[in-house]
$ cat upload02.pdb   # PDB, N, CA and C atoms, pLDDT in the B column
ATOM      1  N   MET A 282       3.184  -9.180   3.904  1.00 63.00           N
ATOM      2  CA  MET A 282       2.088 -10.114   3.927  1.00 63.00           C
ATOM      3  C   MET A 282       2.437 -11.213   2.940  1.00 63.00           C
ATOM      4  N   GLY A 283       2.366 -12.416   3.387  1.00 70.00           N
ATOM      5  CA  GLY A 283       2.762 -13.520   2.533  1.00 70.00           C
ATOM      6  C   GLY A 283       1.608 -14.420   2.148  1.00 70.00           C
ATOM      7  N   ALA A 284       1.936 -15.697   2.009  1.00 81.00           N
ATOM      8  CA  ALA A 284       0.963 -16.685   1.556  1.00 81.00           C
ATOM      9  C   ALA A 284      -0.240 -16.782   2.492  1.00 81.00           C
ATOM     10  N   LEU A 285      -0.014 -16.664   3.791  1.00 85.00           N
ATOM     11  CA  LEU A 285      -1.118 -16.755   4.743  1.00 85.00           C
ATOM     12  C   LEU A 285      -2.106 -15.611   4.530  1.00 85.00           C
ATOM     13  N   GLY A 286      -1.603 -14.420   4.292  1.00 81.00           N
ATOM     14  CA  GLY A 286      -2.477 -13.280   4.030  1.00 81.00           C
ATOM     15  C   GLY A 286      -3.345 -13.509   2.807  1.00 81.00           C
ATOM     16  N   LEU A 287      -2.761 -14.063   1.761  1.00 84.00           N
ATOM     17  CA  LEU A 287      -3.534 -14.373   0.555  1.00 84.00           C
ATOM     18  C   LEU A 287      -4.570 -15.451   0.837  1.00 84.00           C
ATOM     19  N   LYS A 288      -4.166 -16.466   1.561  1.00 88.00           N
ATOM     20  CA  LYS A 288      -5.079 -17.569   1.890  1.00 88.00           C
ATOM     21  C   LYS A 288      -6.281 -17.081   2.696  1.00 88.00           C
ATOM     22  N   LEU A 289      -6.046 -16.156   3.616  1.00 91.00           N
ATOM     23  CA  LEU A 289      -7.104 -15.625   4.471  1.00 91.00           C
ATOM     24  C   LEU A 289      -7.929 -14.533   3.784  1.00 91.00           C
ATOM     25  N   GLY A 290      -7.500 -14.096   2.630  1.00 91.00           N
ATOM     26  CA  GLY A 290      -8.210 -13.031   1.928  1.00 91.00           C
ATOM     27  C   GLY A 290      -8.006 -11.663   2.561  1.00 91.00           C
ATOM     28  N   ALA A 291      -6.840 -11.448   3.147  1.00 92.00           N
ATOM     29  CA  ALA A 291      -6.540 -10.186   3.823  1.00 92.00           C
ATOM     30  C   ALA A 291      -6.420  -9.046   2.822  1.00 92.00           C
ATOM     31  N   SER A 292      -6.620  -7.844   3.317  1.00 94.00           N
ATOM     32  CA  SER A 292      -6.426  -6.639   2.516  1.00 94.00           C
ATOM     33  C   SER A 292      -5.697  -5.615   3.373  1.00 94.00           C
ATOM     34  N   VAL A 293      -5.132  -4.613   2.706  1.00 94.00           N
ATOM     35  CA  VAL A 293      -4.367  -3.573   3.391  1.00 94.00           C
ATOM     36  C   VAL A 293      -5.102  -2.247   3.232  1.00 94.00           C
ATOM     37  N   HIS A 294      -5.259  -1.531   4.336  1.00 96.00           N
ATOM     38  CA  HIS A 294      -5.870  -0.200   4.353  1.00 96.00           C
ATOM     39  C   HIS A 294      -4.871   0.729   5.018  1.00 96.00           C
ATOM     40  N   MET A 295      -4.508   1.813   4.342  1.00 95.00           N
ATOM     41  CA  MET A 295      -3.439   2.666   4.871  1.00 95.00           C
ATOM     42  C   MET A 295      -3.533   4.075   4.315  1.00 95.00           C
ATOM     43  N   PRO A 296      -2.885   5.017   4.996  1.00 93.00           N
ATOM     44  CA  PRO A 296      -2.727   6.365   4.418  1.00 93.00           C
ATOM     45  C   PRO A 296      -1.564   6.327   3.418  1.00 93.00           C
ATOM     46  N   ARG A 297      -1.260   7.424   2.818  1.00 92.00           N
ATOM     47  CA  ARG A 297      -0.123   7.504   1.890  1.00 92.00           C
ATOM     48  C   ARG A 297       1.167   7.532   2.723  1.00 92.00           C
ATOM     49  N   ILE A 298       1.596   6.331   3.122  1.00 91.00           N
ATOM     50  CA  ILE A 298       2.758   6.207   3.994  1.00 91.00           C
ATOM     51  C   ILE A 298       4.007   6.782   3.335  1.00 91.00           C
ATOM     52  N   GLY A 299       4.884   7.342   4.152  1.00 90.00           N
ATOM     53  CA  GLY A 299       6.130   7.904   3.660  1.00 90.00           C
ATOM     54  C   GLY A 299       6.014   9.314   3.128  1.00 90.00           C
ATOM     55  N   CYS A 300       4.813   9.828   3.020  1.00 88.00           N
ATOM     56  CA  CYS A 300       4.595  11.189   2.548  1.00 88.00           C
ATOM     57  C   CYS A 300       4.320  12.076   3.762  1.00 88.00           C
ATOM     58  N   GLY A 301       4.252  13.329   3.579  1.00 85.00           N
ATOM     59  CA  GLY A 301       3.991  14.215   4.704  1.00 85.00           C
ATOM     60  C   GLY A 301       5.265  14.481   5.498  1.00 85.00           C
ATOM     61  N   LEU A 302       5.259  14.194   6.789  1.00 89.00           N
ATOM     62  CA  LEU A 302       6.411  14.474   7.641  1.00 89.00           C
ATOM     63  C   LEU A 302       7.660  13.714   7.223  1.00 89.00           C
ATOM     64  N   ALA A 303       7.493  12.527   6.641  1.00 90.00           N
ATOM     65  CA  ALA A 303       8.646  11.735   6.208  1.00 90.00           C
ATOM     66  C   ALA A 303       9.316  12.344   4.978  1.00 90.00           C
ATOM     67  N   GLY A 304       8.591  13.200   4.248  1.00 91.00           N
ATOM     68  CA  GLY A 304       9.181  13.920   3.128  1.00 91.00           C
ATOM     69  C   GLY A 304       9.200  13.179   1.806  1.00 91.00           C
ATOM     70  N   GLY A 305       8.641  11.981   1.754  1.00 91.00           N
ATOM     71  CA  GLY A 305       8.620  11.232   0.501  1.00 91.00           C
ATOM     72  C   GLY A 305       7.523  11.717  -0.428  1.00 91.00           C
ATOM     73  N   THR A 306       7.569  11.255  -1.643  1.00 93.00           N
ATOM     74  CA  THR A 306       6.523  11.582  -2.611  1.00 93.00           C
ATOM     75  C   THR A 306       5.797  10.302  -2.994  1.00 93.00           C
ATOM     76  N   TRP A 307       4.490  10.402  -3.160  1.00 93.00           N
ATOM     77  CA  TRP A 307       3.685   9.237  -3.481  1.00 93.00           C
ATOM     78  C   TRP A 307       4.104   8.623  -4.820  1.00 93.00           C
ATOM     79  N   SER A 308       4.568   9.440  -5.739  1.00 94.00           N
ATOM     80  CA  SER A 308       4.980   8.917  -7.050  1.00 94.00           C
ATOM     81  C   SER A 308       6.161   7.955  -6.933  1.00 94.00           C
ATOM     82  N   ARG A 309       6.936   8.054  -5.872  1.00 95.00           N
ATOM     83  CA  ARG A 309       8.055   7.124  -5.650  1.00 95.00           C
ATOM     84  C   ARG A 309       7.647   5.937  -4.787  1.00 95.00           C
ATOM     85  N   ILE A 310       6.655   6.127  -3.927  1.00 94.00           N
ATOM     86  CA  ILE A 310       6.248   5.080  -3.003  1.00 94.00           C
ATOM     87  C   ILE A 310       5.208   4.147  -3.618  1.00 94.00           C
ATOM     88  N   GLU A 311       4.307   4.693  -4.409  1.00 95.00           N
ATOM     89  CA  GLU A 311       3.238   3.881  -4.995  1.00 95.00           C
ATOM     90  C   GLU A 311       3.752   2.670  -5.781  1.00 95.00           C
ATOM     91  N   PRO A 312       4.794   2.803  -6.609  1.00 96.00           N
ATOM     92  CA  PRO A 312       5.284   1.622  -7.330  1.00 96.00           C
ATOM     93  C   PRO A 312       5.763   0.503  -6.393  1.00 96.00           C
ATOM     94  N   LEU A 313       6.286   0.864  -5.238  1.00 94.00           N
ATOM     95  CA  LEU A 313       6.719  -0.152  -4.272  1.00 94.00           C
ATOM     96  C   LEU A 313       5.523  -0.921  -3.719  1.00 94.00           C
ATOM     97  N   ILE A 314       4.448  -0.192  -3.424  1.00 93.00           N
ATOM     98  CA  ILE A 314       3.218  -0.815  -2.930  1.00 93.00           C
ATOM     99  C   ILE A 314       2.640  -1.733  -4.006  1.00 93.00           C
ATOM    100  N   GLU A 315       2.640  -1.246  -5.245  1.00 93.00           N
ATOM    101  CA  GLU A 315       2.103  -2.045  -6.340  1.00 93.00           C
ATOM    102  C   GLU A 315       2.904  -3.328  -6.531  1.00 93.00           C
ATOM    103  N   LYS A 316       4.210  -3.237  -6.451  1.00 92.00           N
ATOM    104  CA  LYS A 316       5.059  -4.412  -6.658  1.00 92.00           C
ATOM    105  C   LYS A 316       4.881  -5.434  -5.537  1.00 92.00           C
ATOM    106  N   ARG A 317       4.891  -4.960  -4.296  1.00 90.00           N
ATOM    107  CA  ARG A 317       4.878  -5.868  -3.149  1.00 90.00           C
ATOM    108  C   ARG A 317       3.498  -6.365  -2.753  1.00 90.00           C
ATOM    109  N   LEU A 318       2.468  -5.594  -3.017  1.00 91.00           N
ATOM    110  CA  LEU A 318       1.128  -5.978  -2.557  1.00 91.00           C
ATOM    111  C   LEU A 318       0.169  -6.234  -3.712  1.00 91.00           C
ATOM    112  N   THR A 319      -0.210  -5.204  -4.433  1.00 91.00           N
ATOM    113  CA  THR A 319      -1.208  -5.403  -5.493  1.00 91.00           C
ATOM    114  C   THR A 319      -0.679  -6.329  -6.585  1.00 91.00           C
ATOM    115  N   GLY A 320       0.603  -6.309  -6.808  1.00 90.00           N
ATOM    116  CA  GLY A 320       1.201  -7.208  -7.790  1.00 90.00           C
ATOM    117  C   GLY A 320       1.105  -8.668  -7.400  1.00 90.00           C
ATOM    118  N   ARG A 321       0.859  -8.921  -6.126  1.00 88.00           N
ATOM    119  CA  ARG A 321       0.716 -10.294  -5.623  1.00 88.00           C
ATOM    120  C   ARG A 321      -0.743 -10.645  -5.351  1.00 88.00           C
ATOM    121  N   GLY A 322      -1.645  -9.760  -5.774  1.00 89.00           N
ATOM    122  CA  GLY A 322      -3.063 -10.040  -5.622  1.00 89.00           C
ATOM    123  C   GLY A 322      -3.678  -9.611  -4.303  1.00 89.00           C
ATOM    124  N   ILE A 323      -2.962  -8.797  -3.531  1.00 90.00           N
ATOM    125  CA  ILE A 323      -3.476  -8.317  -2.246  1.00 90.00           C
ATOM    126  C   ILE A 323      -4.151  -6.964  -2.469  1.00 90.00           C
ATOM    127  N   PRO A 324      -5.446  -6.864  -2.153  1.00 94.00           N
ATOM    128  CA  PRO A 324      -6.144  -5.591  -2.340  1.00 94.00           C
ATOM    129  C   PRO A 324      -5.611  -4.516  -1.392  1.00 94.00           C
ATOM    130  N   VAL A 325      -5.440  -3.311  -1.917  1.00 95.00           N
ATOM    131  CA  VAL A 325      -4.933  -2.187  -1.125  1.00 95.00           C
ATOM    132  C   VAL A 325      -5.878  -1.001  -1.284  1.00 95.00           C
ATOM    133  N   THR A 326      -6.254  -0.406  -0.162  1.00 96.00           N
ATOM    134  CA  THR A 326      -7.037   0.819  -0.157  1.00 96.00           C
ATOM    135  C   THR A 326      -6.186   1.901   0.487  1.00 96.00           C
ATOM    136  N   VAL A 327      -5.995   3.006  -0.234  1.00 95.00           N
ATOM    137  CA  VAL A 327      -5.173   4.109   0.263  1.00 95.00           C
ATOM    138  C   VAL A 327      -6.106   5.288   0.565  1.00 95.00           C
ATOM    139  N   TYR A 328      -5.966   5.822   1.761  1.00 93.00           N
ATOM    140  CA  TYR A 328      -6.816   6.933   2.203  1.00 93.00           C
ATOM    141  C   TYR A 328      -6.041   8.241   2.167  1.00 93.00           C
ATOM    142  N   ASP A 329      -6.707   9.297   1.773  1.00 87.00           N
ATOM    143  CA  ASP A 329      -6.154  10.653   1.840  1.00 87.00           C
ATOM    144  C   ASP A 329      -6.810  11.376   3.008  1.00 87.00           C
ATOM    145  N   PHE A 330      -5.968  11.970   3.849  1.00 76.00           N
ATOM    146  CA  PHE A 330      -6.480  12.738   4.980  1.00 76.00           C
ATOM    147  C   PHE A 330      -6.268  14.214   4.686  1.00 76.00           C
ATOM    148  N   ASP A 331      -7.281  14.985   4.911  1.00 68.00           N
ATOM    149  CA  ASP A 331      -7.180  16.432   4.679  1.00 68.00           C
ATOM    150  C   ASP A 331      -6.962  17.155   5.979  1.00 68.00           C
TER     151      ASP A 331
END

$ encode --input "upload02.pdb" --output "structure tokens"
Amino acid sequence: MGALGLKLGASVHMPRIGCGLAGGTWSRIEPLIEKRLTGRGIPVTVYDFD
């Protein structure tokens, strides 16, 4: 999401991507999300599914 997303006031809603079947850990993925999205002012909501 780039400048247009910021201009439009877009936000991201997602599950803990890369975890579960993909075998990743959230502790390794979360910093990437923070750097690329929240670090640029894009609001992110992460959902946990039980």

$ resolve_selection --input "upload02.pdb" --expression "the PyMOL selection byres ((chain A and resi 327) around 6.5)" --output "PyMOL selection string"
chain A and resi 293-297+325-326+328-329

$ closest_residue --input "upload02.pdb" --among "A:Ile323, A:Leu313, A:Ala303, A:Leu318" --to "A:Ala291" --atoms "all atoms listed in the file"
A:Ile323

$ atom_distance --input "upload02.pdb" --atom1 "atom C of A:Gly290" --atom2 "atom C of A:Glu311"
20.3 Å

$ select_by_dssp --input "upload02.pdb" --residues "stretch 296-325 of chain A" --states "helix (DSSP H, G or I)" --output "MDAnalysis selection string"
chainID A and resid 301:303 307:317 319:321

$ axis_aligned_box --input "upload02.pdb" --around "stretch 293-300 of chain A" --padding-each-side "4 Å" --output "JSON"
{"center_x": 0.1, "center_y": 3.7, "center_z": 3.5, "size_x": 20.0, "size_y": 24.7, "size_z": 11.1}

$ select_by_dssp --input "upload02.pdb" --residues "chain A" --states "strand (DSSP E)" --output "PyMOL selection string"
chain A and resi 293-296+325-328
